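One file, run_17.cif, is given below (mmCIF, C-alpha atoms).
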```
data_work
loop_
_atom_site.label_atom_id
_atom_site.label_comp_id
_atom_site.auth_asym_id
_atom_site.auth_seq_id
_atom_site.Cartn_x
_atom_site.Cartn_y
_atom_site.Cartn_z
CA MET I 1 272.01 20.69 35.64
CA LYS I 2 268.71 22.46 36.28
CA ILE I 3 265.96 24.06 34.22
CA ALA I 4 266.60 27.81 34.31
CA SER I 5 263.80 29.11 32.07
CA VAL I 6 260.79 28.01 30.03
CA GLU I 7 259.69 30.43 27.30
CA ALA I 8 256.50 30.22 25.22
CA ILE I 9 256.84 31.73 21.73
CA PRO I 10 253.75 32.15 19.52
CA VAL I 11 254.35 31.35 15.82
CA ARG I 12 252.19 31.16 12.72
CA VAL I 13 252.73 28.13 10.49
CA PRO I 14 251.50 28.84 6.93
CA LEU I 15 250.47 26.39 4.21
CA ILE I 16 251.12 26.66 0.48
CA LYS I 17 247.47 25.83 -0.15
CA PRO I 18 244.50 25.16 2.15
CA ILE I 19 243.83 21.60 3.31
CA VAL I 20 240.16 20.67 3.14
CA MET I 21 238.74 18.15 5.61
CA SER I 22 235.17 17.05 6.28
CA HIS I 23 234.57 19.55 9.08
CA ILE I 24 237.18 22.26 8.61
CA THR I 25 239.47 23.92 6.07
CA VAL I 26 242.98 24.65 7.35
CA TYR I 27 244.75 27.71 5.92
CA GLN I 28 247.43 28.03 8.61
CA SER I 29 248.03 27.10 12.21
CA ASP I 30 248.78 29.40 15.13
CA ASN I 31 251.14 27.32 17.24
CA VAL I 32 253.46 27.85 20.20
CA LEU I 33 257.14 26.98 20.38
CA VAL I 34 258.61 26.27 23.78
CA LYS I 35 262.23 27.06 24.55
CA VAL I 36 263.64 25.38 27.65
CA THR I 37 267.08 26.58 28.77
CA THR I 38 269.24 24.95 31.44
CA ASP I 39 271.50 26.73 33.92
CA ASP I 40 274.52 25.71 31.86
CA GLY I 41 273.09 27.04 28.61
CA VAL I 42 271.69 23.95 26.88
CA VAL I 43 268.54 24.83 24.88
CA GLY I 44 265.74 22.45 23.99
CA TRP I 45 262.87 23.18 21.61
CA GLY I 46 259.34 21.84 21.55
CA GLU I 47 256.09 22.77 19.82
CA GLY I 48 252.42 22.83 20.72
CA VAL I 49 250.10 22.71 17.71
CA GLU I 50 246.73 24.46 17.80
CA ALA I 51 243.95 21.92 17.24
CA THR I 52 240.62 23.43 18.19
CA ASP I 53 238.68 20.66 16.45
CA LEU I 54 240.65 17.86 18.15
CA THR I 55 241.86 19.02 21.56
CA GLY I 56 239.94 22.27 22.01
CA GLU I 57 243.23 24.12 22.55
CA THR I 58 244.00 27.45 20.91
CA GLN I 59 247.30 29.24 20.56
CA ARG I 60 246.37 31.47 23.49
CA SER I 61 245.43 28.58 25.79
CA ILE I 62 248.56 26.60 24.84
CA HIS I 63 250.71 29.67 25.51
CA SER I 64 249.11 30.23 28.92
CA ALA I 65 249.42 26.58 29.89
CA ILE I 66 253.10 26.46 28.95
CA GLU I 67 253.74 29.53 31.09
CA PHE I 68 251.79 27.98 33.99
CA LEU I 69 253.60 24.65 33.80
CA GLY I 70 256.96 26.23 33.01
CA GLU I 71 257.01 28.27 36.20
CA ARG I 72 256.52 25.09 38.21
CA ILE I 73 259.36 23.07 36.70
CA ILE I 74 262.06 25.73 37.10
CA GLY I 75 264.91 24.17 39.08
CA GLU I 76 264.08 20.60 38.06
CA ASP I 77 266.63 18.30 36.47
CA PRO I 78 265.66 18.21 32.75
CA MET I 79 266.99 14.67 32.41
CA ARG I 80 264.14 13.45 34.63
CA ARG I 81 261.73 13.53 31.72
CA SER I 82 259.33 10.81 32.88
CA SER I 83 258.84 12.24 36.36
CA ILE I 84 258.39 15.79 35.04
CA TRP I 85 255.85 14.47 32.53
CA ALA I 86 253.92 12.80 35.34
CA ASP I 87 254.20 15.88 37.58
CA MET I 88 252.77 18.15 34.87
CA SER I 89 249.62 16.02 34.64
CA SER I 90 248.98 16.62 38.34
CA MET I 91 249.73 20.35 38.09
CA MET I 92 247.11 21.02 35.42
CA TYR I 93 244.20 18.92 34.20
CA ALA I 94 244.30 18.04 30.49
CA ASN I 95 246.33 20.56 28.42
CA GLU I 96 248.29 17.68 26.89
CA THR I 97 249.44 19.92 24.05
CA ALA I 98 251.31 22.29 26.37
CA ALA I 99 252.76 19.48 28.48
CA GLY I 100 253.73 17.70 25.29
CA ALA I 101 255.55 20.74 23.94
CA ILE I 102 257.63 20.91 27.11
CA ASP I 103 258.22 17.15 26.97
CA ILE I 104 259.56 17.45 23.41
CA ALA I 105 261.95 20.20 24.52
CA LEU I 106 263.21 18.08 27.43
CA HIS I 107 263.95 15.23 25.02
CA ASP I 108 265.82 17.69 22.81
CA ILE I 109 267.93 18.75 25.80
CA ALA I 110 268.63 15.15 26.84
CA GLY I 111 269.76 14.23 23.35
CA LYS I 112 272.07 17.24 23.20
CA VAL I 113 273.56 16.51 26.62
CA LEU I 114 274.18 12.85 25.73
CA ASP I 115 275.13 13.72 22.12
CA VAL I 116 272.63 11.29 20.57
CA PRO I 117 269.48 11.69 18.46
CA VAL I 118 266.20 11.58 20.41
CA ALA I 119 265.33 8.21 18.83
CA GLU I 120 268.27 6.65 20.69
CA LEU I 121 266.66 7.75 23.97
CA LEU I 122 263.46 5.92 23.06
CA GLY I 123 264.92 2.43 22.95
CA GLY I 124 267.12 2.69 19.87
CA VAL I 125 266.68 3.23 16.15
CA VAL I 126 264.54 0.64 14.37
CA ARG I 127 264.45 2.49 11.02
CA ARG I 128 266.41 5.46 9.68
CA GLU I 129 264.01 6.14 6.81
CA VAL I 130 260.31 6.74 7.48
CA PRO I 131 257.91 6.51 4.52
CA ALA I 132 255.85 9.67 4.31
CA LEU I 133 252.10 9.07 4.35
CA THR I 134 251.01 11.75 1.88
CA MET I 135 247.54 13.26 1.57
CA VAL I 136 245.41 13.28 -1.56
CA GLY I 137 241.87 14.58 -1.80
CA SER I 138 240.00 17.37 -3.53
CA GLY I 139 236.64 15.71 -4.13
CA VAL I 140 237.39 15.45 -7.87
CA PRO I 141 238.28 11.83 -8.74
CA ALA I 142 240.26 12.51 -11.92
CA ASP I 143 242.37 15.21 -10.25
CA ASP I 144 243.07 13.06 -7.20
CA ILE I 145 244.00 10.00 -9.24
CA ALA I 146 246.40 12.09 -11.32
CA ALA I 147 247.88 13.67 -8.18
CA ALA I 148 248.44 10.25 -6.62
CA ARG I 149 250.20 9.00 -9.76
CA THR I 150 252.45 12.06 -9.83
CA LYS I 151 253.40 11.50 -6.20
CA TYR I 152 254.02 7.81 -6.79
CA ASP I 153 256.38 8.67 -9.64
CA ALA I 154 258.18 11.04 -7.25
CA GLY I 155 258.86 8.17 -4.82
CA TYR I 156 255.86 8.19 -2.47
CA ARG I 157 254.41 4.80 -1.55
CA TRP I 158 251.91 5.65 1.20
CA PHE I 159 248.71 7.51 0.26
CA LYS I 160 245.84 8.71 2.45
CA VAL I 161 242.73 9.90 0.63
CA LYS I 162 240.87 12.68 2.40
CA LEU I 163 237.20 11.65 2.48
CA GLY I 164 233.97 13.15 3.76
CA ILE I 165 234.53 16.37 1.82
CA GLY I 166 232.47 15.63 -1.30
CA ASP I 167 229.89 13.33 -2.78
CA VAL I 168 230.22 9.84 -1.31
CA ALA I 169 229.92 8.16 -4.73
CA ASP I 170 232.66 10.40 -6.15
CA GLU I 171 234.93 9.66 -3.22
CA LEU I 172 234.40 5.93 -3.68
CA GLN I 173 235.50 6.33 -7.30
CA THR I 174 238.56 8.24 -6.10
CA VAL I 175 239.68 5.44 -3.78
CA LEU I 176 238.95 2.74 -6.36
CA GLY I 177 240.63 4.77 -9.09
CA ILE I 178 243.78 5.44 -7.05
CA ARG I 179 244.00 1.79 -6.06
CA ALA I 180 243.66 0.72 -9.71
CA GLU I 181 246.13 3.34 -10.95
CA LEU I 182 248.96 2.63 -8.51
CA PRO I 183 251.14 -0.50 -8.50
CA ASP I 184 250.79 -3.11 -5.77
CA ASP I 185 253.63 -1.69 -3.68
CA ALA I 186 251.60 1.46 -3.05
CA ILE I 187 249.71 1.48 0.24
CA VAL I 188 246.33 3.20 0.02
CA CYS I 189 244.15 4.24 2.94
CA GLY I 190 241.49 6.88 3.62
CA ASP I 191 240.44 9.31 6.32
CA ALA I 192 236.80 10.39 6.61
CA ASN I 193 237.46 12.74 9.57
CA GLN I 194 234.05 11.90 11.10
CA GLY I 195 232.38 12.95 7.86
CA TRP I 196 229.79 10.17 7.39
CA SER I 197 226.65 8.90 9.02
CA GLU I 198 226.61 5.29 10.12
CA PRO I 199 224.67 4.09 7.02
CA GLU I 200 226.92 6.11 4.67
CA ALA I 201 230.02 4.64 6.27
CA ILE I 202 228.77 1.08 6.00
CA ARG I 203 227.77 1.49 2.35
CA PHE I 204 231.13 3.04 1.45
CA LEU I 205 233.17 0.44 3.30
CA GLN I 206 231.26 -2.53 1.95
CA ALA I 207 231.78 -1.21 -1.59
CA LEU I 208 235.53 -1.61 -0.99
CA ALA I 209 235.26 -5.36 -0.38
CA GLY I 210 238.13 -7.19 -2.03
CA GLN I 211 240.19 -4.02 -2.52
CA ASN I 212 243.74 -3.71 -1.22
CA VAL I 213 243.02 -0.78 1.10
CA ARG I 214 245.07 -0.72 4.32
CA PHE I 215 242.50 1.09 6.51
CA ILE I 216 239.81 3.78 6.68
CA GLU I 217 240.18 6.27 9.53
CA GLN I 218 237.40 7.60 11.76
CA PRO I 219 234.44 7.01 9.40
CA ILE I 220 231.86 8.44 11.83
CA ARG I 221 231.73 11.01 14.59
CA GLN I 222 233.48 10.37 17.87
CA GLY I 223 231.51 9.75 21.03
CA ASP I 224 229.26 6.90 19.86
CA LEU I 225 231.25 3.76 20.59
CA GLY I 226 228.29 1.54 19.70
CA ALA I 227 228.00 3.02 16.21
CA MET I 228 231.76 2.78 15.73
CA LEU I 229 231.68 -0.90 16.59
CA ARG I 230 228.71 -1.58 14.30
CA VAL I 231 230.54 0.08 11.43
CA THR I 232 233.70 -1.85 12.25
CA HIS I 233 231.93 -5.19 12.33
CA ALA I 234 230.16 -4.46 9.03
CA SER I 235 233.35 -3.34 7.28
CA PRO I 236 235.56 -5.59 5.12
CA ILE I 237 238.27 -2.92 5.48
CA PRO I 238 240.24 -2.38 8.72
CA ILE I 239 239.15 0.65 10.76
CA CYS I 240 241.47 3.13 12.48
CA ALA I 241 240.22 5.34 15.32
CA ASP I 242 241.51 8.93 15.53
CA GLN I 243 239.17 11.52 17.04
CA SER I 244 237.79 8.72 19.23
CA VAL I 245 241.17 8.39 20.96
CA HIS I 246 242.31 11.07 23.42
CA SER I 247 243.92 9.00 26.18
CA PHE I 248 245.43 5.66 27.10
CA SER I 249 242.06 4.52 28.43
CA ASP I 250 240.54 5.32 25.03
CA ILE I 251 243.18 3.14 23.39
CA ALA I 252 242.39 0.31 25.79
CA SER I 253 238.66 0.68 25.12
CA PHE I 254 239.20 -0.51 21.53
CA TRP I 255 240.91 -3.73 22.62
CA ARG I 256 239.05 -6.76 21.23
CA THR I 257 236.40 -4.61 19.56
CA GLY I 258 237.45 -5.27 15.98
CA VAL I 259 238.95 -1.80 15.51
CA ALA I 260 242.31 -2.54 13.90
CA GLY I 261 244.37 0.45 15.01
CA VAL I 262 244.50 3.95 16.45
CA SER I 263 246.03 7.27 15.51
CA LEU I 264 248.58 8.56 18.01
CA LYS I 265 249.36 12.29 18.13
CA LEU I 266 251.74 14.37 20.20
CA VAL I 267 248.97 16.90 20.92
CA LYS I 268 246.60 14.25 22.27
CA LEU I 269 248.91 12.16 24.44
CA GLY I 270 251.36 14.68 25.88
CA GLY I 271 254.38 14.72 23.61
CA ILE I 272 257.05 12.10 22.98
CA THR I 273 256.63 10.36 26.33
CA GLY I 274 252.89 9.97 25.82
CA VAL I 275 253.14 8.82 22.20
CA MET I 276 255.75 6.18 22.97
CA ARG I 277 253.73 4.90 25.92
CA GLY I 278 250.70 4.79 23.64
CA ALA I 279 252.67 2.81 21.06
CA ASN I 280 253.79 0.32 23.71
CA LEU I 281 250.17 -0.08 24.80
CA CYS I 282 249.13 -0.69 21.19
CA ASP I 283 251.84 -3.34 20.88
CA ALA I 284 250.51 -5.11 23.96
CA LEU I 285 246.90 -4.96 22.74
CA GLY I 286 247.62 -5.92 19.13
CA LEU I 287 246.51 -2.57 17.67
CA SER I 288 248.22 -1.04 14.65
CA VAL I 289 249.64 2.47 14.97
CA ASN I 290 249.08 5.49 12.77
CA LEU I 291 251.48 8.23 13.87
CA ALA I 292 250.19 11.59 12.72
CA GLY I 293 251.09 15.22 13.10
CA LYS I 294 248.38 17.83 13.40
CA ILE I 295 248.09 20.10 10.37
CA ALA I 296 250.05 22.32 10.35
CA GLU I 297 253.20 21.87 12.40
CA SER I 298 256.73 23.13 11.92
CA SER I 299 259.83 20.98 11.59
CA VAL I 300 260.13 20.94 15.40
CA ALA I 301 256.99 18.84 16.00
CA ALA I 302 257.57 17.00 12.72
CA ALA I 303 261.05 15.97 13.91
CA ALA I 304 259.56 14.72 17.18
CA ASN I 305 257.19 12.56 15.15
CA ILE I 306 260.02 11.19 13.00
CA HIS I 307 262.11 10.26 16.04
CA CYS I 308 259.12 8.43 17.52
CA ALA I 309 258.49 6.65 14.22
CA ALA I 310 262.16 5.68 14.00
CA ALA I 311 262.03 4.03 17.44
CA MET I 312 258.61 2.31 17.31
CA SER I 313 258.51 -1.43 16.76
CA ALA I 314 255.96 -0.96 13.96
CA ILE I 315 253.99 1.79 12.21
CA ASP I 316 251.69 -0.43 10.18
CA PHE I 317 249.19 2.38 9.56
CA GLY I 318 251.82 4.91 8.48
CA CYS I 319 253.37 8.17 9.60
CA SER I 320 252.28 11.64 8.47
CA PRO I 321 254.15 14.56 10.08
CA GLY I 322 252.23 17.80 9.62
CA ASN I 323 254.94 19.89 7.97
CA GLN I 324 254.08 18.65 4.49
CA GLY I 325 253.00 21.55 2.31
CA LEU I 326 254.32 24.42 4.44
CA SER I 327 255.18 27.75 2.83
CA GLY I 328 257.38 28.74 5.77
CA ASP I 329 259.14 27.13 8.72
CA VAL I 330 260.90 28.09 11.95
CA THR I 331 264.19 26.69 10.71
CA THR I 332 266.25 27.54 7.65
CA LYS I 333 266.93 23.80 7.24
CA PRO I 334 263.48 22.21 7.49
CA LEU I 335 262.76 18.52 7.37
CA VAL I 336 262.19 17.50 3.78
CA ILE I 337 260.88 14.40 2.05
CA GLU I 338 263.40 12.65 -0.18
CA ASN I 339 262.11 10.06 -2.64
CA GLY I 340 258.94 9.71 -0.58
CA HIS I 341 260.75 9.27 2.75
CA TYR I 342 261.79 11.29 5.76
CA LEU I 343 265.37 10.67 6.85
CA LEU I 344 265.98 10.50 10.59
CA PRO I 345 267.89 13.64 11.64
CA THR I 346 271.39 12.58 12.67
CA GLY I 347 272.30 15.50 14.94
CA PRO I 348 271.93 15.39 18.72
CA GLY I 349 268.46 15.91 20.17
CA LEU I 350 265.77 16.63 17.60
CA GLY I 351 268.42 17.62 15.04
CA ILE I 352 266.53 20.85 14.26
CA ASP I 353 267.86 24.39 14.79
CA VAL I 354 265.21 27.05 15.39
CA ASP I 355 266.72 30.02 13.58
CA ASN I 356 263.89 31.46 11.51
CA ILE I 357 261.16 32.46 13.95
CA ASP I 358 260.66 35.81 12.24
CA GLY I 359 260.93 34.31 8.77
#
```

Can you dump the structure from the file as structure tokens?
Amino acid sequence: MKIASVEAIPVRVPLIKPIVMSHITVYQSDNVLVKVTTDDGVVGWGEGVEATDLTGETQRSIHSAIEFLGERIIGEDPMRRSSIWADMSSMMYANETAAGAIDIALHDIAGKVLDVPVAELLGGVVRREVPALTMVGSGVPADDIAAARTKYDAGYRWFKVKLGIGDVADELQTVLGIRAELPDDAIVCGDANQGWSEPEAIRFLQALAGQNVRFIEQPIRQGDLGAMLRVTHASPIPICADQSVHSFSDIASFWRTGVAGVSLKLVKLGGITGVMRGANLCDALGLSVNLAGKIAESSVAAAANIHCAAAMSAIDFGCSPGNQGLSGDVTTKPLVIENGHYLLPTGPGLGIDVDNIDG
């Protein structure tokens, strides 16, 4: 069996309502699907998610990179996923999103050929239900507290409060209010998306002393490791690094620094192969894992995230695929959240049929 073709397909992934973060408001995402077809007709799907604020990659650059890499893997055995993944890194510097999209498609093919879900290829299924880490955050404490309660009553148990988008004092009241409103089995965390200065971050974090808050993500801007460590050491709440982590060496740089965990993303680490290697590295270093999709992704990339989450030894900082809140998808049977959980797709490969590209 050989790779016969690699096709890059631009798609627009729309949201029901905009998602506001500290540095950007997301209305939609212009992504790229990749369709890899073998010489005996097996088709695998992957997805590259535009993330100009995180990876610097646009739909156009992802599309071009997939075409560049795709031409060079024609004729390869698609079952040789690890070696193709390594080869792509030497063919083109960076461009992890494009390489990752192809890597996802190769896993989809392998699962279909072997008639097993992708998670079985990653060491076996650890969990068949993945709690959905759901986002809350408008900058209005009363609204956010009410929204969190509504979601809790609908079955959600993991909540991430979007921070850095409003007044710091108001956002502190939001976190405290949500924590007070929800029962003890609810897990509450926050994500500042680089939205605070070092003094603001320290004041906010120290005000949470004694609160049952799982972690706060990326409280200050990436690039200043010294400031990140000072904030971490001053914080009574565990810190998760996101924008500060773009590679395995970045993960290793947080070993023994006091940072409690890191956010792993398909777009940053080169797809399923990269994310699972990152998770193994975190296991070895004692770092917790937050597995996150990039807003907004279709059910293709979301399924890749769920398969990774199903196979990881632990996801102590939660899992948040980026298809939550979509108004359209590339499949007529999208991944859905049931009672606050994603169910692992049971079909071979990703378990997702791309049949609604024009829908």

### Message
With distances taken over all atoms listed in the file, which residue among I:Gly44, I:Gly155, I:Pro14, I:Gly258 lies nearest His107 of chain I?
### Response
I:Gly44

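Compared by their closest atoms to Ser327 of chain I, and using only C-alpha atoms, the residues I:Val126, I:Ile102, I:Ala296, I:Val259 rank with I:Ala296 nearest.
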
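Using only C-alpha atoms, the residues found no farther than 9 Å from Val213 of chain I, other than those of its own chain fewer than 5 positions away, are Val175, Arg179, Ile187, Val188, Cys189, Gly190, Leu208, Ile237 and Pro238 of chain I.
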
### Query
Just so the selection is clear, what residues does the PyMOL selection byres ((chain I and resi 182) around 12) cover here, as a PyMOL selection string?
chain I and resi 145-153+155-159+175-181+183-188+212-213

#### Entry: Selection under test: the PyMOL selection byres ((chain I and resi 117) around 8); residues as a PyMOL selection string
chain I and resi 111-112+115-116+118-121+307+345-351

With C-alpha atoms retained, export the selected residues as a short mmCIF file (atom, residue, chain, number, x, y, z; two decimals), keeping the file's coordinate frame.
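Everything below was put into out.cif:
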```
data_model
loop_
_atom_site.label_atom_id
_atom_site.label_comp_id
_atom_site.auth_asym_id
_atom_site.auth_seq_id
_atom_site.Cartn_x
_atom_site.Cartn_y
_atom_site.Cartn_z
CA GLY I 111 269.76 14.23 23.35
CA LYS I 112 272.07 17.24 23.20
CA ASP I 115 275.13 13.72 22.12
CA VAL I 116 272.63 11.29 20.57
CA VAL I 118 266.20 11.58 20.41
CA ALA I 119 265.33 8.21 18.83
CA GLU I 120 268.27 6.65 20.69
CA LEU I 121 266.66 7.75 23.97
CA HIS I 307 262.11 10.26 16.04
CA PRO I 345 267.89 13.64 11.64
CA THR I 346 271.39 12.58 12.67
CA GLY I 347 272.30 15.50 14.94
CA PRO I 348 271.93 15.39 18.72
CA GLY I 349 268.46 15.91 20.17
CA LEU I 350 265.77 16.63 17.60
CA GLY I 351 268.42 17.62 15.04
#
```

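Among the candidate residues I:Lys35, I:His233, I:Lys333, I:Arg81, the one lying nearest to Ile66 of chain I is I:Lys35, with distances computed using all atoms listed in the file.
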
### Task
Would you kindly translate the PyMOL selection byres ((chain I and resi 278) around 10) into the concrete residues it picks from this file, as number ranges by chain?
I: 247-249, 251-252, 262-265, 269, 272-277, 279-284, 289

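Take the candidates I:Asp170, I:Glu67, I:Glu198, I:Asp191 and check each one against Asp143 of chain I using all atoms listed in the file; the shortest distance goes to I:Asp170.
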
### Task
Skip Asp329 of chain I itself and residues of its chain fewer than 2 positions away, then list as a PyMOL selection string all residues within 12 Å of it, counting all atoms listed in the file.
chain I and resi 11-16+28-29+31+33+296-302+322-327+331-336+352-359

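Here atom CA of Gln243 of chain I is placed at a distance of 29.4 Å from atom CA of Gly124 of chain I.
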
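Atom CA of Glu47 of chain I lies 10.9 Å from atom CA of Asp30 of chain I.
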
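Straight-line separation from atom CA of Thr58 of chain I to atom CA of Met21 of chain I: 18.7 Å.
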
### For His341 of chain I: contacts at 7 Å, all atoms listed in the file, fewer than 5 positions along chain excluded, given as a PyMOL selection string
chain I and resi 129-132

### Query
Neighbours of Gly139 of chain I within 10 Å (only C-alpha atoms; same-chain residues fewer than 6 positions away dropped), as number ranges by chain?
I: 20, 161-168, 170-171, 173-174
